[in-house]
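In what follows, a structure is listed as structure tokens, so that the remarks can point back to it.
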Amino acid sequence: MSAQMTDKRDQGAARAVYVYGIMPADVEIESGTTGVGDPPGEVRVVRSGELAALVSDVSTDRPLGRPEDLVTHEDLLDASAADVPVLPLRFGAVISSDEAVAEELLAAHHDEFMTALEQLEGHAEYVLRGRYVQDAILREVISEDPDARQLLDQIKNVGKANEMATRELRMQIGEIINNAVTIKREADTLAAGDALAGHVVASVARPPTHELDAVHVALFVDNSKAADLERAVEQMASDWSDRIDLRLLGPMAAYDFVGTANPAPGA
Amino acid sequence: MTVMQPGGSSGGRPQPSGLADVIDTILDKGLVIDAYVRVSLVGIELLTIDARVVIASVDTYLRFAEAVNRLDISNDKETLTDLVGDVTQGGAKHKTKGALEAAGDKLREFTDAQGNGDRAGRRSSRGGD
């Protein structure tokens, strides 16, 4: 591909401004930081009053949402959140121009965004994710439900003869297991919330995104309590090691705790 | 950027997010621009990845059934109390990758296949008025 072809491709393309998040006006971005899109634009700052928006140019005739775009969007926000309070935007926010960013986004909502940034200052989000160890949780379910055990034996016996005949039985046991896992998910989520309540300002459960999800909770944490939180999660991971694989993600921008005036009280 | 394996490292130490974690966060959470900007919002084509497993579907039930059917419980005692005892003593002898883990691998395949045009996606446009 020659340089001329690249120019032609960009010549007619409309440009617009992709917005990652909102921060205090005194934020600085390292030059040469690249953003979303192919090719990516340079990340820069648009300021208005005491606020800044983190932005980069994109062309409007190319789609966004490749894995690189998604990771870039989050990495930028989480890295910024380590230094300054950040109001993260959901993926995909594109505004027509810098002037529109300054006027319609920042100036028009200046006080509301300032208040939110003040509440976010000195805090970070963590996400606790747990997934059931498959064999362990299946054994738990079977052991706790004699009817399920009987059903399983039935399937194993009939199954040797005729796979089609067991479809109904397999649907039944599958549903029993799914219901049991759902109940365990709720119980384990509550247990995790209780164990961490003293270390977080607020918490909110996220919906499960996998059949074996055990725990999926967003935590809003005062930075001074981060070490306490990590220790508590390590203890939890150890207690649960045979049945749940636990991960703590973060610190990150407060995706789950923006959009409301005040976060909900911790569990 | 590496995708975290479920069932891999565990514990309390903060860990980097994998692509699945990123998707759950930035497609579902964060401020929604439409609530703040109307006139200057630009519609742009978004490729979104919807590889999240649907829970409580026929596929889910059959996958659970296959997984439990392959479970080796021949050594498990039949009485309820004995089985409970085994479980509380950490009776899981193997952490095998089963049908359910395979279902969650769709995203990993996506990232491996990137650039090969092998992309399952749902396209949506966001538009301003």
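Residues in the structure tokens are numbered from 1 in each chain, the chains being A, B, ... in the order shown, and ligands are numbered from 1 in the order shown.
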| task | From a DSSP pass on the backbone, collect the residues of segment 53-255 of chain A flagged as strand (DSSP E) and hand them back as an MDAnalysis selection string. | result | chainID A and resid 53:59 87:88 94:95 123:132 202:205 213:222 244:252
| task | Pull out every residue of chain A that has at least one atom within 6 Å of chain B, counting only C-alpha atoms, and report them as a PyMOL selection string. | result | chain A and resi 60+63-65+88-91+93-96+105+136+143+170-171+174-175+209-211+230+233-234+237+242+245-250+255-256+259
| message | Could you pull out the helix (DSSP H, G or I) residues of segment 12-119 of chain A, going by DSSP on the backbone, and write them as a VMD selection string? | response | chain A and resid 67 to 81 98 to 119
